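Novice: Supplied in structure tokens, the structure appears directly below.
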Amino acid sequence: AFHDSDARRDPSRCYPGTRETALKTMSSWVRNPASRYLWLYGPAGTGKSAIAQTFAEQCHQDGTLGATYFFTKGSTSGSPRGTPPLFSTLAYQLMSMFPGLDTHLLAAIHADQTIFERSLGAQLDKLIVQPFLKLTDESASAVVIIDGLDECDGDSIQGEIVRLILGLEQYPLPLLFLISSRPESMIRRAFKSCVCSSLVHLPLDKTLHPDHDIRHFLHNEFERICMEMGHHGPLASQLPWPSAENIEKLVLKSSGHFIYAVTVIRF
């Protein structure tokens with residue numbers, strides 16, 4: 001689904017004032033790309049999709065967003081051999097970003113109306129590579145964001161997508177690719193097996209100070225709850241609530257996983 005698709009109504013985003021190091025790293029990569037590829041990865045619950053969504057919205061605002069695709073669990077179960085409509089969806093969005101691309105893309109579809117039933121490699125070549133190679137005007141690079149690759153059904157397809165995208169390095173395409181996923185074994189092997197000049201790794205680990213962000217989130221959200229309940233409610237005799245010590249316990253239990261802190265606040 002697109003980053004602003006109705007199918008993703010009210011998607012998760014970064015809480016204000018959090019994940020700033022990751023977002024700044026990605027913004028710097030777009031301005032001065034040392035590589036065409038950036039891999040954002042971390043365990044479940046560390047906020048990958050929220051970061052990808054927030055970054056997509058930022059890129060949309062500054063005019064650098066080319067296309068997005070957000071995988072969800074089971075979204076490809078009804079597709080032929082489980083193949084996702086990844087490259088056709090990206091190509092459709094890229095048409096509005098690059099003048100003249102629509103002419104070459106529509107010509108490719110007219111020449112082979114079964115293209116959407118073909119392999120991922122064939123779709124990538126016919127719908128993205130060849131139309132871009134036929135453009136005559138130089139264009140600024142656009143960002144393509146693929147989130148939740150590990151949610152794509154089938155380990156082999158996940159690896160195939162990584163290999164196909166990294167293989168684009170041989171073509172002079174004005175595209176930067178951000179791939180977000182869990183560090184699953186098939187995806188890791190696919191990244192390691194591909195020969196590309198460089199790959200920017202952005203792991204969601206302790207180097208990005210998640211405890212600071214989680215502490216900020218918990219403090220602000222508990223403060224909001226107190227304000228909503230009023231100082232005359234059942235919490236009046238317990239202020240400040242929760243204590244700084246208890247907040248630190250929650251931060252420790254979160255172990256860098258935002259999903260834990262979010263669940264605490266919800267319940």
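In the structure tokens, chains take the letters A, B, ... in the order shown, each chain's residues start at 1, and ligands count up from 1 in the order shown.
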Within 10 Å of range 131-145 of chain A, counting only C-alpha atoms, which residues show up once you throw out same-chain ones fewer than 5 positions away? Write them as a compact mmCIF listing (two decimals) with all heavy atoms, in the first residue's frame, please.

Specialist:
```
# COMPACT_ATOMS: atom_id res chain seq x y z
N PHE A 2 0.33 2.36 -0.55
CA PHE A 2 1.03 3.64 -0.52
C PHE A 2 1.15 4.11 0.93
O PHE A 2 0.43 3.67 1.82
CB PHE A 2 0.26 4.71 -1.29
CG PHE A 2 -0.01 4.40 -2.73
CD1 PHE A 2 -0.86 5.21 -3.47
CD2 PHE A 2 0.56 3.30 -3.37
CE1 PHE A 2 -1.14 4.94 -4.80
CE2 PHE A 2 0.29 3.02 -4.69
CZ PHE A 2 -0.57 3.85 -5.41
N HIS A 3 2.03 5.08 1.16
CA HIS A 3 2.18 5.61 2.52
C HIS A 3 0.94 6.37 2.96
O HIS A 3 0.65 6.47 4.16
CB HIS A 3 3.41 6.53 2.61
CG HIS A 3 3.20 7.90 2.05
ND1 HIS A 3 3.20 8.15 0.69
CD2 HIS A 3 2.95 9.09 2.65
CE1 HIS A 3 2.98 9.44 0.49
NE2 HIS A 3 2.83 10.03 1.65
N VAL A 30 19.76 11.31 1.81
CA VAL A 30 19.09 11.79 0.61
C VAL A 30 19.82 12.99 0.02
O VAL A 30 20.00 13.10 -1.20
CB VAL A 30 17.62 12.17 0.91
CG1 VAL A 30 16.96 12.82 -0.30
CG2 VAL A 30 16.83 10.92 1.32
N ARG A 31 20.28 13.89 0.88
CA ARG A 31 20.97 15.10 0.39
C ARG A 31 22.34 14.77 -0.20
O ARG A 31 22.74 15.36 -1.21
CB ARG A 31 21.14 16.10 1.53
CG ARG A 31 19.82 16.74 1.99
CD ARG A 31 20.10 17.93 2.89
NE ARG A 31 20.88 17.55 4.07
CZ ARG A 31 20.34 17.15 5.22
NH1 ARG A 31 19.02 17.09 5.34
NH2 ARG A 31 21.12 16.82 6.24
N PRO A 33 23.92 11.29 -0.99
CA PRO A 33 23.92 9.82 -0.98
C PRO A 33 25.28 9.21 -1.30
O PRO A 33 25.77 9.32 -2.42
CB PRO A 33 22.88 9.47 -2.06
CG PRO A 33 22.88 10.65 -2.99
CD PRO A 33 23.17 11.85 -2.13
N ARG A 36 23.23 4.33 -3.19
CA ARG A 36 21.86 4.40 -3.69
C ARG A 36 20.90 3.66 -2.75
O ARG A 36 19.69 3.77 -2.87
CB ARG A 36 21.78 3.79 -5.09
CG ARG A 36 20.47 4.03 -5.80
CD ARG A 36 20.43 3.33 -7.16
NE ARG A 36 21.35 3.94 -8.10
CZ ARG A 36 21.50 3.50 -9.35
NH1 ARG A 36 20.80 2.46 -9.78
NH2 ARG A 36 22.35 4.09 -10.16
N TYR A 37 21.47 2.91 -1.79
CA TYR A 37 20.64 2.04 -0.95
C TYR A 37 20.88 2.29 0.53
O TYR A 37 22.02 2.45 0.98
CB TYR A 37 20.95 0.57 -1.26
CG TYR A 37 20.98 0.27 -2.74
CD1 TYR A 37 22.18 0.10 -3.41
CD2 TYR A 37 19.79 0.17 -3.46
CE1 TYR A 37 22.20 -0.18 -4.77
CE2 TYR A 37 19.81 -0.10 -4.81
CZ TYR A 37 21.02 -0.27 -5.46
OH TYR A 37 21.04 -0.53 -6.81
N LEU A 38 19.77 2.29 1.29
CA LEU A 38 19.85 2.37 2.75
C LEU A 38 18.95 1.28 3.31
O LEU A 38 17.78 1.16 2.92
CB LEU A 38 19.40 3.74 3.25
CG LEU A 38 19.55 4.00 4.76
CD1 LEU A 38 19.82 5.48 5.03
CD2 LEU A 38 18.31 3.55 5.55
N ALA A 52 9.61 4.85 8.89
CA ALA A 52 9.44 4.87 7.44
C ALA A 52 8.27 5.78 7.04
O ALA A 52 8.36 6.54 6.07
CB ALA A 52 9.21 3.46 6.91
N GLN A 53 7.17 5.71 7.79
CA GLN A 53 6.00 6.54 7.51
C GLN A 53 6.33 8.02 7.70
O GLN A 53 6.00 8.86 6.84
CB GLN A 53 4.84 6.15 8.42
CG GLN A 53 3.60 7.02 8.28
CD GLN A 53 2.88 6.82 6.95
OE1 GLN A 53 2.93 5.73 6.38
NE2 GLN A 53 2.21 7.85 6.46
N PHE A 55 9.26 9.44 7.65
CA PHE A 55 10.23 9.88 6.64
C PHE A 55 9.57 10.04 5.28
O PHE A 55 9.89 10.97 4.54
CB PHE A 55 11.37 8.87 6.56
CG PHE A 55 12.51 9.32 5.69
CD1 PHE A 55 13.19 10.49 5.98
CD2 PHE A 55 12.90 8.58 4.58
CE1 PHE A 55 14.24 10.93 5.18
CE2 PHE A 55 13.95 9.00 3.78
CZ PHE A 55 14.62 10.18 4.08
N ALA A 56 8.62 9.16 4.95
CA ALA A 56 7.89 9.29 3.68
C ALA A 56 7.13 10.61 3.64
O ALA A 56 7.12 11.30 2.62
CB ALA A 56 6.93 8.12 3.51
N CYS A 59 9.64 13.43 3.09
CA CYS A 59 10.08 13.48 1.70
C CYS A 59 8.98 14.02 0.79
O CYS A 59 9.26 14.75 -0.17
CB CYS A 59 10.52 12.09 1.24
SG CYS A 59 12.04 11.49 1.99
N HIS A 60 7.74 13.65 1.09
CA HIS A 60 6.62 14.16 0.30
C HIS A 60 6.53 15.68 0.41
O HIS A 60 6.29 16.38 -0.59
CB HIS A 60 5.32 13.52 0.77
CG HIS A 60 4.10 13.98 0.04
ND1 HIS A 60 3.83 13.62 -1.27
CD2 HIS A 60 3.08 14.80 0.43
CE1 HIS A 60 2.70 14.19 -1.65
NE2 HIS A 60 2.23 14.91 -0.64
N GLY A 63 9.36 17.32 -1.58
CA GLY A 63 9.37 17.03 -3.01
C GLY A 63 10.36 15.99 -3.47
O GLY A 63 10.63 15.88 -4.67
N THR A 64 10.89 15.18 -2.55
CA THR A 64 11.87 14.16 -2.95
C THR A 64 11.29 12.75 -2.95
O THR A 64 12.00 11.81 -3.30
CB THR A 64 13.09 14.19 -2.00
OG1 THR A 64 12.64 13.96 -0.66
CG2 THR A 64 13.81 15.52 -2.08
N LEU A 65 10.03 12.60 -2.59
CA LEU A 65 9.44 11.26 -2.54
C LEU A 65 9.02 10.80 -3.93
O LEU A 65 8.24 11.47 -4.61
CB LEU A 65 8.23 11.24 -1.60
CG LEU A 65 7.58 9.86 -1.39
CD1 LEU A 65 8.55 8.92 -0.68
CD2 LEU A 65 6.28 9.99 -0.58
N GLY A 66 9.54 9.64 -4.32
CA GLY A 66 9.18 9.09 -5.62
C GLY A 66 8.05 8.09 -5.51
O GLY A 66 7.07 8.15 -6.26
N ALA A 67 8.16 7.15 -4.57
CA ALA A 67 7.15 6.11 -4.44
C ALA A 67 7.34 5.39 -3.12
O ALA A 67 8.43 5.40 -2.53
CB ALA A 67 7.24 5.12 -5.59
N THR A 68 6.27 4.74 -2.65
CA THR A 68 6.34 3.96 -1.42
C THR A 68 5.57 2.67 -1.59
O THR A 68 4.63 2.58 -2.39
CB THR A 68 5.74 4.72 -0.22
OG1 THR A 68 4.37 5.04 -0.50
CG2 THR A 68 6.51 6.00 0.07
N TYR A 69 5.98 1.68 -0.81
CA TYR A 69 5.23 0.42 -0.75
C TYR A 69 5.39 -0.13 0.66
O TYR A 69 6.50 -0.42 1.10
CB TYR A 69 5.76 -0.59 -1.77
CG TYR A 69 4.83 -1.77 -1.98
CD1 TYR A 69 3.96 -1.80 -3.06
CD2 TYR A 69 4.82 -2.85 -1.10
CE1 TYR A 69 3.10 -2.88 -3.26
CE2 TYR A 69 3.96 -3.92 -1.29
CZ TYR A 69 3.10 -3.92 -2.36
OH TYR A 69 2.24 -4.98 -2.55
N PHE A 70 4.26 -0.25 1.36
CA PHE A 70 4.26 -0.75 2.73
C PHE A 70 3.63 -2.15 2.74
O PHE A 70 2.44 -2.30 2.50
CB PHE A 70 3.48 0.18 3.65
CG PHE A 70 4.23 1.43 4.02
CD1 PHE A 70 4.44 2.43 3.09
CD2 PHE A 70 4.74 1.59 5.30
CE1 PHE A 70 5.15 3.59 3.41
CE2 PHE A 70 5.44 2.74 5.64
CZ PHE A 70 5.65 3.74 4.70
N LEU A 90 5.09 0.74 -7.65
CA LEU A 90 6.12 1.78 -7.64
C LEU A 90 6.14 2.54 -8.96
O LEU A 90 6.23 3.77 -8.98
CB LEU A 90 7.49 1.15 -7.37
CG LEU A 90 7.69 0.47 -6.02
CD1 LEU A 90 9.11 -0.10 -5.91
CD2 LEU A 90 7.43 1.44 -4.86
N ALA A 91 6.03 1.81 -10.06
CA ALA A 91 6.06 2.44 -11.39
C ALA A 91 4.89 3.41 -11.55
O ALA A 91 5.06 4.52 -12.09
CB ALA A 91 6.01 1.37 -12.47
N GLN A 93 3.39 5.15 -9.26
CA GLN A 93 3.64 6.37 -8.49
C GLN A 93 4.75 7.22 -9.13
O GLN A 93 4.68 8.45 -9.11
CB GLN A 93 4.02 6.01 -7.06
CG GLN A 93 2.92 5.32 -6.28
CD GLN A 93 3.42 4.82 -4.94
OE1 GLN A 93 3.61 5.59 -4.00
NE2 GLN A 93 3.64 3.52 -4.84
N LEU A 94 5.76 6.56 -9.67
CA LEU A 94 6.89 7.29 -10.25
C LEU A 94 6.49 8.09 -11.49
O LEU A 94 7.15 9.08 -11.84
CB LEU A 94 8.02 6.31 -10.59
CG LEU A 94 8.74 5.70 -9.38
CD1 LEU A 94 9.63 4.55 -9.83
CD2 LEU A 94 9.56 6.76 -8.64
N MET A 95 5.41 7.69 -12.15
CA MET A 95 4.96 8.43 -13.34
C MET A 95 4.69 9.89 -13.04
O MET A 95 4.96 10.76 -13.87
CB MET A 95 3.68 7.80 -13.91
CG MET A 95 3.88 6.53 -14.68
SD MET A 95 2.43 6.13 -15.69
CE MET A 95 1.13 6.03 -14.44
N MET A 97 6.13 11.72 -10.88
CA MET A 97 7.35 12.41 -10.43
C MET A 97 8.27 12.76 -11.59
O MET A 97 8.99 13.76 -11.55
CB MET A 97 8.09 11.50 -9.44
CG MET A 97 9.34 12.11 -8.83
SD MET A 97 8.94 13.34 -7.59
CE MET A 97 10.57 13.70 -6.93
N PHE A 98 8.23 11.96 -12.66
CA PHE A 98 9.17 12.13 -13.76
C PHE A 98 8.43 12.38 -15.07
O PHE A 98 7.78 11.47 -15.61
CB PHE A 98 10.07 10.89 -13.89
CG PHE A 98 10.97 10.68 -12.72
CD1 PHE A 98 10.57 9.90 -11.64
CD2 PHE A 98 12.23 11.26 -12.68
CE1 PHE A 98 11.39 9.70 -10.55
CE2 PHE A 98 13.07 11.07 -11.59
CZ PHE A 98 12.64 10.29 -10.52
N PRO A 99 8.48 13.60 -15.59
CA PRO A 99 7.80 13.93 -16.85
C PRO A 99 8.26 13.04 -18.00
O PRO A 99 9.45 12.81 -18.18
CB PRO A 99 8.21 15.39 -17.09
CG PRO A 99 8.56 15.92 -15.74
CD PRO A 99 9.17 14.77 -15.01
N GLY A 100 7.31 12.52 -18.74
CA GLY A 100 7.63 11.68 -19.89
C GLY A 100 7.69 10.21 -19.58
O GLY A 100 7.64 9.38 -20.48
N LEU A 101 7.78 9.87 -18.30
CA LEU A 101 7.88 8.45 -17.93
C LEU A 101 6.59 7.72 -18.27
O LEU A 101 6.62 6.55 -18.66
CB LEU A 101 8.18 8.31 -16.44
CG LEU A 101 8.47 6.89 -15.94
CD1 LEU A 101 9.74 6.33 -16.57
CD2 LEU A 101 8.59 6.87 -14.41
N ASP A 102 5.46 8.41 -18.15
CA ASP A 102 4.17 7.76 -18.41
C ASP A 102 4.07 7.26 -19.84
O ASP A 102 3.51 6.18 -20.10
CB ASP A 102 3.01 8.71 -18.09
CG ASP A 102 3.11 10.01 -18.84
OD1 ASP A 102 4.20 10.34 -19.35
OD2 ASP A 102 2.09 10.73 -18.91
N THR A 103 4.64 8.03 -20.79
CA THR A 103 4.59 7.63 -22.20
C THR A 103 5.29 6.29 -22.41
O THR A 103 4.75 5.38 -23.07
CB THR A 103 5.25 8.70 -23.08
OG1 THR A 103 4.54 9.93 -22.92
CG2 THR A 103 5.23 8.28 -24.54
N HIS A 104 6.49 6.16 -21.86
CA HIS A 104 7.26 4.93 -22.05
C HIS A 104 6.67 3.76 -21.26
O HIS A 104 6.71 2.62 -21.71
CB HIS A 104 8.71 5.16 -21.64
CG HIS A 104 9.37 6.29 -22.38
ND1 HIS A 104 9.49 6.30 -23.76
CD2 HIS A 104 9.92 7.46 -21.94
CE1 HIS A 104 10.10 7.42 -24.14
NE2 HIS A 104 10.37 8.13 -23.06
N LEU A 105 6.12 4.06 -20.09
CA LEU A 105 5.52 3.01 -19.28
C LEU A 105 4.26 2.45 -19.93
O LEU A 105 4.08 1.23 -20.02
CB LEU A 105 5.20 3.55 -17.88
CG LEU A 105 4.53 2.58 -16.90
CD1 LEU A 105 5.36 1.31 -16.72
CD2 LEU A 105 4.32 3.26 -15.56
N LEU A 106 3.41 3.34 -20.42
CA LEU A 106 2.18 2.89 -21.07
C LEU A 106 2.50 2.13 -22.36
O LEU A 106 1.79 1.18 -22.71
CB LEU A 106 1.28 4.09 -21.37
CG LEU A 106 0.70 4.78 -20.11
CD1 LEU A 106 -0.04 6.05 -20.52
CD2 LEU A 106 -0.20 3.83 -19.35
N ALA A 107 3.56 2.53 -23.04
CA ALA A 107 3.96 1.81 -24.26
C ALA A 107 4.41 0.39 -23.91
O ALA A 107 4.12 -0.56 -24.64
CB ALA A 107 5.09 2.57 -24.96
N ALA A 108 5.10 0.24 -22.78
CA ALA A 108 5.56 -1.08 -22.36
C ALA A 108 4.37 -1.97 -22.02
O ALA A 108 4.36 -3.16 -22.35
CB ALA A 108 6.49 -0.94 -21.15
N ASP A 125 12.20 -4.80 -14.96
CA ASP A 125 12.88 -4.37 -16.19
C ASP A 125 11.94 -3.60 -17.11
O ASP A 125 12.28 -2.51 -17.60
CB ASP A 125 13.43 -5.59 -16.91
CG ASP A 125 14.16 -5.21 -18.19
OD1 ASP A 125 15.18 -4.49 -18.11
OD2 ASP A 125 13.70 -5.62 -19.28
N LYS A 126 10.75 -4.15 -17.36
CA LYS A 126 9.84 -3.55 -18.33
C LYS A 126 9.12 -2.30 -17.82
O LYS A 126 8.83 -1.39 -18.59
CB LYS A 126 8.80 -4.59 -18.77
CG LYS A 126 9.38 -5.81 -19.46
CD LYS A 126 10.04 -5.44 -20.78
CE LYS A 126 10.52 -6.71 -21.49
NZ LYS A 126 11.20 -6.38 -22.79
N TYR A 171 22.50 0.46 -13.60
CA TYR A 171 21.78 1.41 -14.47
C TYR A 171 21.81 2.82 -13.87
O TYR A 171 21.72 2.98 -12.65
CB TYR A 171 20.33 0.96 -14.64
CG TYR A 171 20.16 -0.42 -15.20
CD1 TYR A 171 19.72 -1.47 -14.39
CD2 TYR A 171 20.45 -0.69 -16.55
CE1 TYR A 171 19.56 -2.75 -14.90
CE2 TYR A 171 20.30 -1.98 -17.06
CZ TYR A 171 19.86 -3.00 -16.23
OH TYR A 171 19.71 -4.26 -16.74
N PRO A 172 21.88 3.83 -14.73
CA PRO A 172 21.91 5.22 -14.25
C PRO A 172 20.51 5.73 -13.93
O PRO A 172 19.99 6.65 -14.59
CB PRO A 172 22.54 5.97 -15.43
CG PRO A 172 22.09 5.21 -16.63
CD PRO A 172 22.07 3.75 -16.20
N LEU A 173 19.88 5.16 -12.94
CA LEU A 173 18.52 5.55 -12.58
C LEU A 173 18.55 6.62 -11.48
O LEU A 173 19.33 6.51 -10.53
CB LEU A 173 17.73 4.35 -12.08
CG LEU A 173 17.67 3.11 -13.00
CD1 LEU A 173 16.78 2.05 -12.37
CD2 LEU A 173 17.17 3.49 -14.38
N PRO A 174 17.69 7.62 -11.57
CA PRO A 174 17.65 8.69 -10.55
C PRO A 174 16.82 8.30 -9.34
O PRO A 174 15.91 9.02 -8.92
CB PRO A 174 17.01 9.85 -11.32
CG PRO A 174 16.07 9.17 -12.26
CD PRO A 174 16.75 7.90 -12.68
N LEU A 175 17.12 7.14 -8.76
CA LEU A 175 16.32 6.61 -7.67
C LEU A 175 17.20 6.20 -6.49
O LEU A 175 18.27 5.60 -6.68
CB LEU A 175 15.51 5.39 -8.14
CG LEU A 175 14.53 5.61 -9.30
CD1 LEU A 175 13.91 4.27 -9.71
CD2 LEU A 175 13.45 6.61 -8.92
N LEU A 176 16.75 6.53 -5.29
CA LEU A 176 17.37 6.09 -4.06
C LEU A 176 16.39 5.15 -3.36
O LEU A 176 15.19 5.46 -3.27
CB LEU A 176 17.68 7.28 -3.14
CG LEU A 176 18.60 8.36 -3.70
CD1 LEU A 176 18.68 9.54 -2.73
CD2 LEU A 176 19.99 7.80 -3.97
N PHE A 177 16.88 4.03 -2.86
CA PHE A 177 16.00 3.02 -2.27
C PHE A 177 16.25 2.88 -0.77
O PHE A 177 17.37 2.60 -0.34
CB PHE A 177 16.20 1.66 -2.93
CG PHE A 177 15.67 1.59 -4.33
CD1 PHE A 177 16.47 1.96 -5.41
CD2 PHE A 177 14.37 1.17 -4.58
CE1 PHE A 177 15.99 1.90 -6.71
CE2 PHE A 177 13.88 1.11 -5.88
CZ PHE A 177 14.68 1.47 -6.95
N LEU A 178 15.19 3.05 0.01
CA LEU A 178 15.22 2.78 1.44
C LEU A 178 14.40 1.52 1.68
O LEU A 178 13.21 1.49 1.36
CB LEU A 178 14.66 3.96 2.23
CG LEU A 178 14.77 3.85 3.77
CD1 LEU A 178 14.76 5.24 4.38
CD2 LEU A 178 13.65 3.02 4.39
N ILE A 179 15.02 0.50 2.22
CA ILE A 179 14.34 -0.76 2.52
C ILE A 179 14.32 -0.94 4.03
O ILE A 179 15.36 -0.86 4.69
CB ILE A 179 15.04 -1.95 1.85
CG1 ILE A 179 15.06 -1.77 0.33
CG2 ILE A 179 14.35 -3.26 2.22
CD1 ILE A 179 15.83 -2.85 -0.42
N SER A 180 13.14 -1.18 4.56
CA SER A 180 12.98 -1.37 6.00
C SER A 180 12.47 -2.78 6.28
O SER A 180 11.53 -3.25 5.64
CB SER A 180 11.98 -0.34 6.55
OG SER A 180 11.61 -0.64 7.88
```

Novice: Just want the 10 Å neighbourhood of range 156-166 of chain A, counted on only C-alpha atoms, with same-chain residues fewer than 2 positions away dropped. Output as a PyMOL selection string.

Specialist: chain A and resi 36-37+81-84+86-87+120-121+124-125+149-154+168-170+177+179+181+184-199

Novice: Interatomic distance between CA of Glu248 in chain A and CA of Glu20 in chain A?

Specialist: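 Between these atoms lies a distance of 20.9 Å.
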
Novice: Under the rule that only C-alpha atoms are counted, which of A:His219, A:His212, A:Arg266, A:Lys253 is the nearest residue to Thr21 in chain A?

Specialist: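 Selected residue with least distance to Thr21 in chain A: A:His212.
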